[in-house]
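Just below is one structure, and these are the notes that go with it.
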Amino acid sequence: MSSTCAASHFGVRKARTSRRYAHVGARLRFYTQRVAVPERRWWRGPRWFTEGTDPDYRFSLANERTFLAWIRTVLAFLAASVAVVQLASVFRTSWTRTALATALAISGLVVCTLAYARWAGNERAMRNERPLPFNPLLLVVNVALAAIAIMVLALIVFDR
Amino acid sequence: MTDEPRQRTSLARDRTALAAAVVGAVLIKFGVDDAIAIEIVAGVVAFAAAATLGLVRHHRTQPRAVAVVAVLVATTALLTVVAVLS
């Protein structure tokens, strides 16, 4: 009777011990297993595009539409730049036209770069369920347009 | 294609391509540089076509197409700066 109890007691202890250290074995198996990692191809998109979970597709498409609206703003900047160079011949000094056109084209370049950064930042935040990050795009466009407006006003008043 | 967000996005892509074509025409008309105009029209119109066709099969945004458009328009802006200054 006593030997049976001892055996059962031993068996219980053994089972408890193996359960206690089961996570060690599982962890070792986890770290030593061979995982087939798919090769990353550049044309499948940026690496962060596989992070987190897919957001609601309506949000992704809305994000893309906002990006496209910024691209159209850039195209308007470029058209204005070319129009100033080719059409604005009312100013006395020639360098003012060049300065204005350059300011417009550089604004287009900056807005285009920031538009992509904004799209990527928003997309990444949505995938990882984080709040949307701050992007200085609105501030940059406001400052650039205010500077250009002051420049145009000064040219119209003083340089005709 | 009864999905409204998809239709809206498709129209936004087409509108962007149209704006690119208009800017390209302006650039050609005023003779800034034919290369810039051809690049912007071809690149962005190709994007709109590819993305619109891709939209039929995928409901997700295509990150490659977005990056290509950003690079093309940024390059065009840079070339415009060079053309204006030269």
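Residues in the structure tokens are numbered from 1 in each chain, the chains being A, B, ... in the order shown, and ligands are numbered from 1 in the order shown.
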Using only C-alpha atoms, find each residue in chain B having at least one atom no more than 6 Å away from chain A; report its shortest atom-to-atom pair and that distance in Å (one decimal), rows by chain then rising number, as a Markdown table.
```
| residue | atom | partner | partner_atom | distance |
| --- | --- | --- | --- | --- |
| B:Thr9 | CA | A:Arg65 | CA | 5.8 |
| B:Thr16 | CA | A:Arg72 | CA | 5.9 |
| B:Val23 | CA | A:Ala79 | CA | 5.7 |
| B:Arg60 | CA | A:Tyr57 | CA | 5.9 |
| B:Pro63 | CA | A:Gly45 | CA | 5.5 |
| B:Arg64 | CA | A:Gly45 | CA | 5.4 |
| B:Ala74 | CA | A:Leu109 | CA | 5.3 |
| B:Ala77 | CA | A:Leu109 | CA | 5.2 |
| B:Val81 | CA | A:Ala105 | CA | 5.6 |
```
- Residue nearest Arg127 (chain A) - candidates A:Arg47, A:Val157, A:Thr53, A:Val143, atoms counted: only C-alpha atoms: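 So, comparing all the options, the nearest one is A:Thr53.
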- One decimal place gives the CA of Thr50 (chain A)-CA of Asn135 (chain A) separation as 22.5 Å
- Item | Exercise: Leu132 (chain A) partners within 9 Å, only C-alpha atoms, chain neighbours under 5 positions left out, as a ChimeraX atom specification | /A:121-126
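Residue nearest Val84 (chain B) within the list B:Leu18, B:Ser10, B:Gln62, B:Leu27: B:Leu27 [criterion: smallest interatomic distance, only C-alpha atoms].
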